[in-house]
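Student: Structure file coords_18.tsv (TSV, N, CA and C atoms) is given on the next line.
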```tsv
chain	number	residue	atom	x	y	z
A	1	MET	N	-0.03	-9.63	7.62
A	1	MET	CA	-0.76	-10.70	8.26
A	1	MET	C	0.07	-11.99	8.27
A	2	LYS	N	0.74	-12.27	7.15
A	2	LYS	CA	1.53	-13.49	7.09
A	2	LYS	C	2.68	-13.44	8.09
A	3	ALA	N	3.33	-12.30	8.21
A	3	ALA	CA	4.46	-12.19	9.13
A	3	ALA	C	4.02	-12.45	10.56
A	4	HIS	N	2.88	-11.92	10.94
A	4	HIS	CA	2.38	-12.12	12.29
A	4	HIS	C	2.11	-13.60	12.56
A	5	LYS	N	1.51	-14.26	11.58
A	5	LYS	CA	1.19	-15.68	11.73
A	5	LYS	C	2.46	-16.51	11.88
A	6	TYR	N	3.46	-16.24	11.07
A	6	TYR	CA	4.69	-17.03	11.12
A	6	TYR	C	5.50	-16.75	12.38
A	7	TRP	N	5.55	-15.50	12.82
A	7	TRP	CA	6.25	-15.21	14.07
A	7	TRP	C	5.54	-15.88	15.25
A	8	SER	N	4.22	-15.92	15.22
A	8	SER	CA	3.47	-16.57	16.30
A	8	SER	C	3.73	-18.08	16.31
A	9	LEU	N	3.77	-18.70	15.13
A	9	LEU	CA	4.07	-20.13	15.06
A	9	LEU	C	5.51	-20.42	15.51
A	10	GLY	N	6.43	-19.54	15.18
A	10	GLY	CA	7.81	-19.68	15.65
A	10	GLY	C	7.90	-19.59	17.16
A	11	ALA	N	7.15	-18.68	17.74
A	11	ALA	CA	7.13	-18.54	19.19
A	11	ALA	C	6.55	-19.78	19.84
A	12	LEU	N	5.51	-20.34	19.24
A	12	LEU	CA	4.90	-21.56	19.77
A	12	LEU	C	5.89	-22.73	19.73
A	13	ALA	N	6.61	-22.86	18.62
A	13	ALA	CA	7.60	-23.93	18.50
A	13	ALA	C	8.72	-23.75	19.52
A	14	CYS	N	9.17	-22.52	19.70
A	14	CYS	CA	10.22	-22.27	20.69
A	14	CYS	C	9.73	-22.55	22.11
A	15	MET	N	8.48	-22.23	22.38
A	15	MET	CA	7.94	-22.52	23.71
A	15	MET	C	7.86	-24.02	23.96
A	16	ALA	N	7.47	-24.77	22.92
A	16	ALA	CA	7.42	-26.23	23.06
A	16	ALA	C	8.82	-26.78	23.31
A	17	GLY	N	9.80	-26.28	22.56
A	17	GLY	CA	11.19	-26.71	22.78
A	17	GLY	C	11.70	-26.31	24.15
A	18	CYS	N	11.31	-25.15	24.60
A	18	CYS	CA	11.71	-24.67	25.93
A	18	CYS	C	11.12	-25.57	27.02
A	19	PHE	N	9.87	-25.93	26.86
A	19	PHE	CA	9.21	-26.82	27.83
A	19	PHE	C	9.89	-28.18	27.85
A	20	TYR	N	10.17	-28.73	26.66
A	20	TYR	CA	10.79	-30.05	26.57
A	20	TYR	C	12.18	-30.05	27.20
A	21	THR	N	13.00	-29.07	26.85
A	21	THR	CA	14.35	-29.02	27.40
A	21	THR	C	14.35	-28.72	28.89
A	22	GLY	N	13.35	-28.02	29.35
A	22	GLY	CA	13.25	-27.78	30.80
A	22	GLY	C	12.91	-29.05	31.55
A	23	CYS	N	12.03	-29.87	30.97
A	23	CYS	CA	11.68	-31.15	31.61
A	23	CYS	C	12.85	-32.12	31.61
A	24	LYS	N	13.68	-32.08	30.56
A	24	LYS	CA	14.83	-32.98	30.46
A	24	LYS	C	16.06	-32.44	31.18
A	25	LYS	N	15.94	-31.26	31.80
A	25	LYS	CA	17.04	-30.62	32.53
A	25	LYS	C	18.25	-30.31	31.64
A	26	LEU	N	17.97	-29.92	30.39
A	26	LEU	CA	19.02	-29.49	29.47
A	26	LEU	C	19.07	-27.97	29.49
A	27	MET	N	19.76	-27.43	30.48
A	27	MET	CA	19.67	-25.99	30.75
A	27	MET	C	20.29	-25.12	29.66
A	28	GLN	N	21.35	-25.56	29.00
A	28	GLN	CA	21.96	-24.74	27.95
A	28	GLN	C	20.98	-24.60	26.77
A	29	ALA	N	20.39	-25.68	26.35
A	29	ALA	CA	19.41	-25.63	25.25
A	29	ALA	C	18.16	-24.88	25.70
A	30	HIS	N	17.79	-25.02	26.96
A	30	HIS	CA	16.62	-24.34	27.50
A	30	HIS	C	16.78	-22.82	27.39
A	31	LYS	N	17.98	-22.33	27.66
A	31	LYS	CA	18.25	-20.89	27.56
A	31	LYS	C	18.09	-20.40	26.12
A	32	TYR	N	18.58	-21.19	25.17
A	32	TYR	CA	18.47	-20.79	23.76
A	32	TYR	C	17.01	-20.77	23.30
A	33	PHE	N	16.25	-21.79	23.69
A	33	PHE	CA	14.84	-21.82	23.31
A	33	PHE	C	14.07	-20.68	23.98
A	34	ALA	N	14.40	-20.36	25.22
A	34	ALA	CA	13.72	-19.26	25.91
A	34	ALA	C	14.03	-17.93	25.24
A	35	GLY	N	15.28	-17.72	24.84
A	35	GLY	CA	15.64	-16.50	24.13
A	35	GLY	C	14.96	-16.40	22.78
A	36	GLY	N	14.91	-17.52	22.06
A	36	GLY	CA	14.23	-17.55	20.77
A	36	GLY	C	12.74	-17.28	20.91
A	37	SER	N	12.15	-17.83	21.95
A	37	SER	CA	10.73	-17.61	22.20
A	37	SER	C	10.46	-16.14	22.50
A	38	LEU	N	11.32	-15.54	23.29
A	38	LEU	CA	11.17	-14.12	23.63
A	38	LEU	C	11.28	-13.25	22.37
A	39	ALA	N	12.25	-13.56	21.53
A	39	ALA	CA	12.42	-12.78	20.29
A	39	ALA	C	11.21	-12.95	19.36
A	40	CYS	N	10.75	-14.18	19.20
A	40	CYS	CA	9.60	-14.43	18.32
A	40	CYS	C	8.34	-13.76	18.85
A	41	MET	N	8.14	-13.79	20.16
A	41	MET	CA	6.96	-13.14	20.73
A	41	MET	C	7.03	-11.63	20.54
A	42	GLY	N	8.20	-11.06	20.71
A	42	GLY	CA	8.37	-9.63	20.48
A	42	GLY	C	8.04	-9.24	19.05
A	43	MET	N	8.52	-10.02	18.09
A	43	MET	CA	8.24	-9.73	16.69
A	43	MET	C	6.77	-9.98	16.36
A	44	ALA	N	6.15	-10.98	16.98
A	44	ALA	CA	4.72	-11.23	16.74
A	44	ALA	C	3.89	-10.08	17.27
A	45	ILE	N	4.24	-9.55	18.43
A	45	ILE	CA	3.52	-8.40	18.99
A	45	ILE	C	3.70	-7.18	18.09
A	46	TYR	N	4.93	-6.96	17.62
A	46	TYR	CA	5.20	-5.81	16.76
A	46	TYR	C	4.44	-5.90	15.45
A	47	SER	N	4.45	-7.08	14.81
A	47	SER	CA	3.75	-7.22	13.54
A	47	SER	C	2.23	-7.17	13.74
A	48	GLY	N	1.73	-7.65	14.86
A	48	GLY	CA	0.30	-7.53	15.16
A	48	GLY	C	-0.11	-6.10	15.40
A	49	HIS	N	0.78	-5.34	16.03
A	49	HIS	CA	0.51	-3.92	16.27
A	49	HIS	C	0.43	-3.16	14.95
A	50	LYS	N	1.29	-3.50	14.01
A	50	LYS	CA	1.25	-2.85	12.70
A	50	LYS	C	-0.06	-3.16	11.99
A	51	ILE	N	-0.57	-4.38	12.14
A	51	ILE	CA	-1.84	-4.74	11.51
A	51	ILE	C	-2.97	-3.90	12.08
A	52	SER	N	-3.00	-3.76	13.40
A	52	SER	CA	-4.11	-3.03	14.03
A	52	SER	C	-4.08	-1.55	13.68
A	53	THR	N	-2.91	-0.94	13.59
A	53	THR	CA	-2.86	0.48	13.25
A	53	THR	C	-3.27	0.71	11.80
A	54	GLU	N	-2.92	-0.21	10.90
A	54	GLU	CA	-3.34	-0.07	9.50
A	54	GLU	C	-4.85	-0.17	9.39
A	55	GLU	N	-5.46	-1.08	10.14
A	55	GLU	CA	-6.92	-1.23	10.12
A	55	GLU	C	-7.60	0.03	10.66
A	56	GLU	N	-7.05	0.60	11.74
A	56	GLU	CA	-7.64	1.82	12.30
A	56	GLU	C	-7.57	2.97	11.31
A	57	LYS	N	-6.44	3.11	10.62
A	57	LYS	CA	-6.31	4.16	9.63
A	57	LYS	C	-7.33	3.99	8.51
A	58	ARG	N	-7.50	2.74	8.06
A	58	ARG	CA	-8.45	2.48	6.98
A	58	ARG	C	-9.87	2.80	7.41
A	59	LEU	N	-10.24	2.42	8.64
A	59	LEU	CA	-11.59	2.69	9.12
A	59	LEU	C	-11.84	4.18	9.31
A	60	LYS	N	-10.83	4.91	9.78
A	60	LYS	CA	-10.98	6.36	9.94
A	60	LYS	C	-11.19	7.04	8.59
A	61	SER	N	-10.46	6.58	7.57
A	61	SER	CA	-10.62	7.20	6.25
A	61	SER	C	-12.01	6.89	5.68
A	62	LEU	N	-12.55	5.72	5.97
A	62	LEU	CA	-13.90	5.41	5.50
A	62	LEU	C	-14.94	6.23	6.24
A	63	LYS	N	-14.75	6.48	7.52
A	63	LYS	CA	-15.70	7.30	8.29
A	63	LYS	C	-15.70	8.74	7.81
A	64	ASN	N	-14.52	9.25	7.46
A	64	ASN	CA	-14.40	10.64	7.06
A	64	ASN	C	-15.05	10.92	5.70
A	65	LYS	N	-15.20	9.91	4.88
A	65	LYS	CA	-15.80	10.12	3.56
A	65	LYS	C	-17.30	10.36	3.65
A	66	ASN	N	-17.97	9.83	4.67
A	66	ASN	CA	-19.41	9.98	4.86
A	66	ASN	C	-20.21	9.60	3.61
A	67	THR	N	-19.84	8.50	3.02
A	67	THR	CA	-20.57	8.04	1.84
A	67	THR	C	-21.42	6.84	2.22
A	68	ARG	N	-22.55	6.75	1.56
A	68	ARG	CA	-23.42	5.60	1.77
A	68	ARG	C	-22.98	4.50	0.82
A	69	PRO	N	-23.14	3.24	1.22
A	69	PRO	CA	-22.77	2.16	0.30
A	69	PRO	C	-23.70	2.14	-0.91
A	70	ARG	N	-23.16	1.84	-2.05
A	70	ARG	CA	-23.95	1.81	-3.29
A	70	ARG	C	-24.64	0.47	-3.42
A	71	ARG	N	-25.81	0.50	-4.05
A	71	ARG	CA	-26.57	-0.71	-4.30
A	71	ARG	C	-26.72	-0.89	-5.79
A	72	ASN	N	-26.80	-2.14	-6.20
A	72	ASN	CA	-27.06	-2.38	-7.62
A	72	ASN	C	-28.57	-2.45	-7.84
A	73	LYS	N	-29.01	-2.82	-9.02
A	73	LYS	CA	-30.43	-2.78	-9.36
A	73	LYS	C	-31.26	-3.74	-8.50
A	74	ARG	N	-30.65	-4.80	-8.03
A	74	ARG	CA	-31.37	-5.76	-7.20
A	74	ARG	C	-31.39	-5.37	-5.73
A	75	GLY	N	-30.74	-4.30	-5.37
A	75	GLY	CA	-30.71	-3.87	-3.98
A	75	GLY	C	-29.59	-4.46	-3.16
A	76	LEU	N	-28.62	-5.11	-3.82
A	76	LEU	CA	-27.51	-5.72	-3.13
A	76	LEU	C	-26.31	-4.80	-3.08
A	77	PHE	N	-25.56	-4.88	-1.99
A	77	PHE	CA	-24.34	-4.08	-1.86
A	77	PHE	C	-23.21	-4.75	-2.62
A	78	PHE	N	-22.30	-3.94	-3.11
A	78	PHE	CA	-21.09	-4.46	-3.71
A	78	PHE	C	-20.00	-3.44	-3.75
```
Can you dump the structure from the file as structure tokens?
Tutor:
Amino acid sequence: MKAHKYWSLGALACMAGCFYTGCKKLMQAHKYFAGGSLACMGMAIYSGHKISTEEEKRLKSLKNKNTRPRRNKRGLFF
């Protein structure tokens, strides 16, 4: 989860830099920010995909157990 968050923030920062350098017509810096943004977005998508597959595996294993949640004496779940 942390990796996904940090890669997403890195992509956001690179996009802001890309926008700024594009407005100032600094094309060499613009290319570097665009490449960095592309790399960060790719890593954010990859790390987000890993999160979703882990959650699906966990939910499937819980469904396969077919157990009811336990209650304590007061009737609360825990």
Student: Which one is closest to Ala34 (chain A): A:Lys50, A:Tyr6, A:Cys18, A:Glu56? Count all atoms listed in the file.
Tutor: A:Cys18
Student: Identify, with DSSP run on backbone atoms, the residues in region 5-74 of chain A assigned to helix (DSSP H, G or I), and express the list as an mmCIF file with N, CA and C atoms, in the frame of the given file.
Tutor:
```cif
data_model
loop_
_atom_site.group_PDB
_atom_site.id
_atom_site.type_symbol
_atom_site.label_atom_id
_atom_site.label_comp_id
_atom_site.auth_asym_id
_atom_site.auth_seq_id
_atom_site.Cartn_x
_atom_site.Cartn_y
_atom_site.Cartn_z
ATOM 1 N N LYS A 5 1.510 -14.260 11.580
ATOM 2 C CA LYS A 5 1.190 -15.680 11.730
ATOM 3 C C LYS A 5 2.460 -16.510 11.880
ATOM 4 N N TYR A 6 3.460 -16.240 11.070
ATOM 5 C CA TYR A 6 4.690 -17.030 11.120
ATOM 6 C C TYR A 6 5.500 -16.750 12.380
ATOM 7 N N TRP A 7 5.550 -15.500 12.820
ATOM 8 C CA TRP A 7 6.250 -15.210 14.070
ATOM 9 C C TRP A 7 5.540 -15.880 15.250
ATOM 10 N N SER A 8 4.220 -15.920 15.220
ATOM 11 C CA SER A 8 3.470 -16.570 16.300
ATOM 12 C C SER A 8 3.730 -18.080 16.310
ATOM 13 N N LEU A 9 3.770 -18.700 15.130
ATOM 14 C CA LEU A 9 4.070 -20.130 15.060
ATOM 15 C C LEU A 9 5.510 -20.420 15.510
ATOM 16 N N GLY A 10 6.430 -19.540 15.180
ATOM 17 C CA GLY A 10 7.810 -19.680 15.650
ATOM 18 C C GLY A 10 7.900 -19.590 17.160
ATOM 19 N N ALA A 11 7.150 -18.680 17.740
ATOM 20 C CA ALA A 11 7.130 -18.540 19.190
ATOM 21 C C ALA A 11 6.550 -19.780 19.840
ATOM 22 N N LEU A 12 5.510 -20.340 19.240
ATOM 23 C CA LEU A 12 4.900 -21.560 19.770
ATOM 24 C C LEU A 12 5.890 -22.730 19.730
ATOM 25 N N ALA A 13 6.610 -22.860 18.620
ATOM 26 C CA ALA A 13 7.600 -23.930 18.500
ATOM 27 C C ALA A 13 8.720 -23.750 19.520
ATOM 28 N N CYS A 14 9.170 -22.520 19.700
ATOM 29 C CA CYS A 14 10.220 -22.270 20.690
ATOM 30 C C CYS A 14 9.730 -22.550 22.110
ATOM 31 N N MET A 15 8.480 -22.230 22.380
ATOM 32 C CA MET A 15 7.940 -22.520 23.710
ATOM 33 C C MET A 15 7.860 -24.020 23.960
ATOM 34 N N ALA A 16 7.470 -24.770 22.920
ATOM 35 C CA ALA A 16 7.420 -26.230 23.060
ATOM 36 C C ALA A 16 8.820 -26.780 23.310
ATOM 37 N N GLY A 17 9.800 -26.280 22.560
ATOM 38 C CA GLY A 17 11.190 -26.710 22.780
ATOM 39 C C GLY A 17 11.700 -26.310 24.150
ATOM 40 N N CYS A 18 11.310 -25.150 24.600
ATOM 41 C CA CYS A 18 11.710 -24.670 25.930
ATOM 42 C C CYS A 18 11.120 -25.570 27.020
ATOM 43 N N PHE A 19 9.870 -25.930 26.860
ATOM 44 C CA PHE A 19 9.210 -26.820 27.830
ATOM 45 C C PHE A 19 9.890 -28.180 27.850
ATOM 46 N N TYR A 20 10.170 -28.730 26.660
ATOM 47 C CA TYR A 20 10.790 -30.050 26.570
ATOM 48 C C TYR A 20 12.180 -30.050 27.200
ATOM 49 N N THR A 21 13.000 -29.070 26.850
ATOM 50 C CA THR A 21 14.350 -29.020 27.400
ATOM 51 C C THR A 21 14.350 -28.720 28.890
ATOM 52 N N GLY A 22 13.350 -28.020 29.350
ATOM 53 C CA GLY A 22 13.250 -27.780 30.800
ATOM 54 C C GLY A 22 12.910 -29.050 31.550
ATOM 55 N N CYS A 23 12.030 -29.870 30.970
ATOM 56 C CA CYS A 23 11.680 -31.150 31.610
ATOM 57 C C CYS A 23 12.850 -32.120 31.610
ATOM 58 N N MET A 27 19.760 -27.430 30.480
ATOM 59 C CA MET A 27 19.670 -25.990 30.750
ATOM 60 C C MET A 27 20.290 -25.120 29.660
ATOM 61 N N GLN A 28 21.350 -25.560 29.000
ATOM 62 C CA GLN A 28 21.960 -24.740 27.950
ATOM 63 C C GLN A 28 20.980 -24.600 26.770
ATOM 64 N N ALA A 29 20.390 -25.680 26.350
ATOM 65 C CA ALA A 29 19.410 -25.630 25.250
ATOM 66 C C ALA A 29 18.160 -24.880 25.700
ATOM 67 N N HIS A 30 17.790 -25.020 26.960
ATOM 68 C CA HIS A 30 16.620 -24.340 27.500
ATOM 69 C C HIS A 30 16.780 -22.820 27.390
ATOM 70 N N LYS A 31 17.980 -22.330 27.660
ATOM 71 C CA LYS A 31 18.250 -20.890 27.560
ATOM 72 C C LYS A 31 18.090 -20.400 26.120
ATOM 73 N N TYR A 32 18.580 -21.190 25.170
ATOM 74 C CA TYR A 32 18.470 -20.790 23.760
ATOM 75 C C TYR A 32 17.010 -20.770 23.300
ATOM 76 N N PHE A 33 16.250 -21.790 23.690
ATOM 77 C CA PHE A 33 14.840 -21.820 23.310
ATOM 78 C C PHE A 33 14.070 -20.680 23.980
ATOM 79 N N ALA A 34 14.400 -20.360 25.220
ATOM 80 C CA ALA A 34 13.720 -19.260 25.910
ATOM 81 C C ALA A 34 14.030 -17.930 25.240
ATOM 82 N N GLY A 35 15.280 -17.720 24.840
ATOM 83 C CA GLY A 35 15.640 -16.500 24.130
ATOM 84 C C GLY A 35 14.960 -16.400 22.780
ATOM 85 N N GLY A 36 14.910 -17.520 22.060
ATOM 86 C CA GLY A 36 14.230 -17.550 20.770
ATOM 87 C C GLY A 36 12.740 -17.280 20.910
ATOM 88 N N SER A 37 12.150 -17.830 21.950
ATOM 89 C CA SER A 37 10.730 -17.610 22.200
ATOM 90 C C SER A 37 10.460 -16.140 22.500
ATOM 91 N N LEU A 38 11.320 -15.540 23.290
ATOM 92 C CA LEU A 38 11.170 -14.120 23.630
ATOM 93 C C LEU A 38 11.280 -13.250 22.370
ATOM 94 N N ALA A 39 12.250 -13.560 21.530
ATOM 95 C CA ALA A 39 12.420 -12.780 20.290
ATOM 96 C C ALA A 39 11.210 -12.950 19.360
ATOM 97 N N CYS A 40 10.750 -14.180 19.200
ATOM 98 C CA CYS A 40 9.600 -14.430 18.320
ATOM 99 C C CYS A 40 8.340 -13.760 18.850
ATOM 100 N N MET A 41 8.140 -13.790 20.160
ATOM 101 C CA MET A 41 6.960 -13.140 20.730
ATOM 102 C C MET A 41 7.030 -11.630 20.540
ATOM 103 N N GLY A 42 8.200 -11.060 20.710
ATOM 104 C CA GLY A 42 8.370 -9.630 20.480
ATOM 105 C C GLY A 42 8.040 -9.240 19.050
ATOM 106 N N MET A 43 8.520 -10.020 18.090
ATOM 107 C CA MET A 43 8.240 -9.730 16.690
ATOM 108 C C MET A 43 6.770 -9.980 16.360
ATOM 109 N N ALA A 44 6.150 -10.980 16.980
ATOM 110 C CA ALA A 44 4.720 -11.230 16.740
ATOM 111 C C ALA A 44 3.890 -10.080 17.270
ATOM 112 N N ILE A 45 4.240 -9.550 18.430
ATOM 113 C CA ILE A 45 3.520 -8.400 18.990
ATOM 114 C C ILE A 45 3.700 -7.180 18.090
ATOM 115 N N TYR A 46 4.930 -6.960 17.620
ATOM 116 C CA TYR A 46 5.200 -5.810 16.760
ATOM 117 C C TYR A 46 4.440 -5.900 15.450
ATOM 118 N N SER A 47 4.450 -7.080 14.810
ATOM 119 C CA SER A 47 3.750 -7.220 13.540
ATOM 120 C C SER A 47 2.230 -7.170 13.740
ATOM 121 N N GLY A 48 1.730 -7.650 14.860
ATOM 122 C CA GLY A 48 0.300 -7.530 15.160
ATOM 123 C C GLY A 48 -0.110 -6.100 15.400
ATOM 124 N N HIS A 49 0.780 -5.340 16.030
ATOM 125 C CA HIS A 49 0.510 -3.920 16.270
ATOM 126 C C HIS A 49 0.430 -3.160 14.950
ATOM 127 N N LYS A 50 1.290 -3.500 14.010
ATOM 128 C CA LYS A 50 1.250 -2.850 12.700
ATOM 129 C C LYS A 50 -0.060 -3.160 11.990
ATOM 130 N N ILE A 51 -0.570 -4.380 12.140
ATOM 131 C CA ILE A 51 -1.840 -4.740 11.510
ATOM 132 C C ILE A 51 -2.970 -3.900 12.080
ATOM 133 N N SER A 52 -3.000 -3.760 13.400
ATOM 134 C CA SER A 52 -4.110 -3.030 14.030
ATOM 135 C C SER A 52 -4.080 -1.550 13.680
ATOM 136 N N THR A 53 -2.910 -0.940 13.590
ATOM 137 C CA THR A 53 -2.860 0.480 13.250
ATOM 138 C C THR A 53 -3.270 0.710 11.800
ATOM 139 N N GLU A 54 -2.920 -0.210 10.900
ATOM 140 C CA GLU A 54 -3.340 -0.070 9.500
ATOM 141 C C GLU A 54 -4.850 -0.170 9.390
ATOM 142 N N GLU A 55 -5.460 -1.080 10.140
ATOM 143 C CA GLU A 55 -6.920 -1.230 10.120
ATOM 144 C C GLU A 55 -7.600 0.030 10.660
ATOM 145 N N GLU A 56 -7.050 0.600 11.740
ATOM 146 C CA GLU A 56 -7.640 1.820 12.300
ATOM 147 C C GLU A 56 -7.570 2.970 11.310
ATOM 148 N N LYS A 57 -6.440 3.110 10.620
ATOM 149 C CA LYS A 57 -6.310 4.160 9.630
ATOM 150 C C LYS A 57 -7.330 3.990 8.510
ATOM 151 N N ARG A 58 -7.500 2.740 8.060
ATOM 152 C CA ARG A 58 -8.450 2.480 6.980
ATOM 153 C C ARG A 58 -9.870 2.800 7.410
ATOM 154 N N LEU A 59 -10.240 2.420 8.640
ATOM 155 C CA LEU A 59 -11.590 2.690 9.120
ATOM 156 C C LEU A 59 -11.840 4.180 9.310
ATOM 157 N N LYS A 60 -10.830 4.910 9.780
ATOM 158 C CA LYS A 60 -10.980 6.360 9.940
ATOM 159 C C LYS A 60 -11.190 7.040 8.590
ATOM 160 N N SER A 61 -10.460 6.580 7.570
ATOM 161 C CA SER A 61 -10.620 7.200 6.250
ATOM 162 C C SER A 61 -12.010 6.890 5.680
ATOM 163 N N LEU A 62 -12.550 5.720 5.970
ATOM 164 C CA LEU A 62 -13.900 5.410 5.500
ATOM 165 C C LEU A 62 -14.940 6.230 6.240
ATOM 166 N N LYS A 63 -14.750 6.480 7.520
ATOM 167 C CA LYS A 63 -15.700 7.300 8.290
ATOM 168 C C LYS A 63 -15.700 8.740 7.810
ATOM 169 N N ASN A 64 -14.520 9.250 7.460
ATOM 170 C CA ASN A 64 -14.400 10.640 7.060
ATOM 171 C C ASN A 64 -15.050 10.920 5.700
ATOM 172 N N LYS A 65 -15.200 9.910 4.880
ATOM 173 C CA LYS A 65 -15.800 10.120 3.560
ATOM 174 C C LYS A 65 -17.300 10.360 3.650
#
```
Student: What's the separation between CA of Met1 (chain A) and CA of Tyr20 (chain A), in Å to one decimal place?
Tutor: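 CA of Tyr20 (chain A) lies at a distance of 29.0 Å from CA of Met1 (chain A).
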Student: Could you give me, as a compact mmCIF listing (two decimals) with N, CA and C atoms, in the coordinates of the input, the residues within 8 Å of Cys40 (chain A), counting all atoms listed in the file and dropping anything in the same chain fewer than 3 positions from it?
Tutor:
```txt
# COMPACT_ATOMS: atom_id res chain seq x y z
N TYR A 6 3.46 -16.24 11.07
CA TYR A 6 4.69 -17.03 11.12
C TYR A 6 5.50 -16.75 12.38
N TRP A 7 5.55 -15.50 12.82
CA TRP A 7 6.25 -15.21 14.07
C TRP A 7 5.54 -15.88 15.25
N SER A 8 4.22 -15.92 15.22
CA SER A 8 3.47 -16.57 16.30
C SER A 8 3.73 -18.08 16.31
N LEU A 9 3.77 -18.70 15.13
CA LEU A 9 4.07 -20.13 15.06
C LEU A 9 5.51 -20.42 15.51
N GLY A 10 6.43 -19.54 15.18
CA GLY A 10 7.81 -19.68 15.65
C GLY A 10 7.90 -19.59 17.16
N ALA A 11 7.15 -18.68 17.74
CA ALA A 11 7.13 -18.54 19.19
C ALA A 11 6.55 -19.78 19.84
N LEU A 12 5.51 -20.34 19.24
CA LEU A 12 4.90 -21.56 19.77
C LEU A 12 5.89 -22.73 19.73
N ALA A 34 14.40 -20.36 25.22
CA ALA A 34 13.72 -19.26 25.91
C ALA A 34 14.03 -17.93 25.24
N GLY A 35 15.28 -17.72 24.84
CA GLY A 35 15.64 -16.50 24.13
C GLY A 35 14.96 -16.40 22.78
N GLY A 36 14.91 -17.52 22.06
CA GLY A 36 14.23 -17.55 20.77
C GLY A 36 12.74 -17.28 20.91
N SER A 37 12.15 -17.83 21.95
CA SER A 37 10.73 -17.61 22.20
C SER A 37 10.46 -16.14 22.50
N MET A 43 8.52 -10.02 18.09
CA MET A 43 8.24 -9.73 16.69
C MET A 43 6.77 -9.98 16.36
N ALA A 44 6.15 -10.98 16.98
CA ALA A 44 4.72 -11.23 16.74
C ALA A 44 3.89 -10.08 17.27
N ILE A 45 4.24 -9.55 18.43
CA ILE A 45 3.52 -8.40 18.99
C ILE A 45 3.70 -7.18 18.09
N TYR A 46 4.93 -6.96 17.62
CA TYR A 46 5.20 -5.81 16.76
C TYR A 46 4.44 -5.90 15.45
```
Student: Would you compute the distance between atom C of Ala16 (chain A) and atom C of Gln28 (chain A)? Give it in Å to one decimal.
Tutor: 12.8 Å
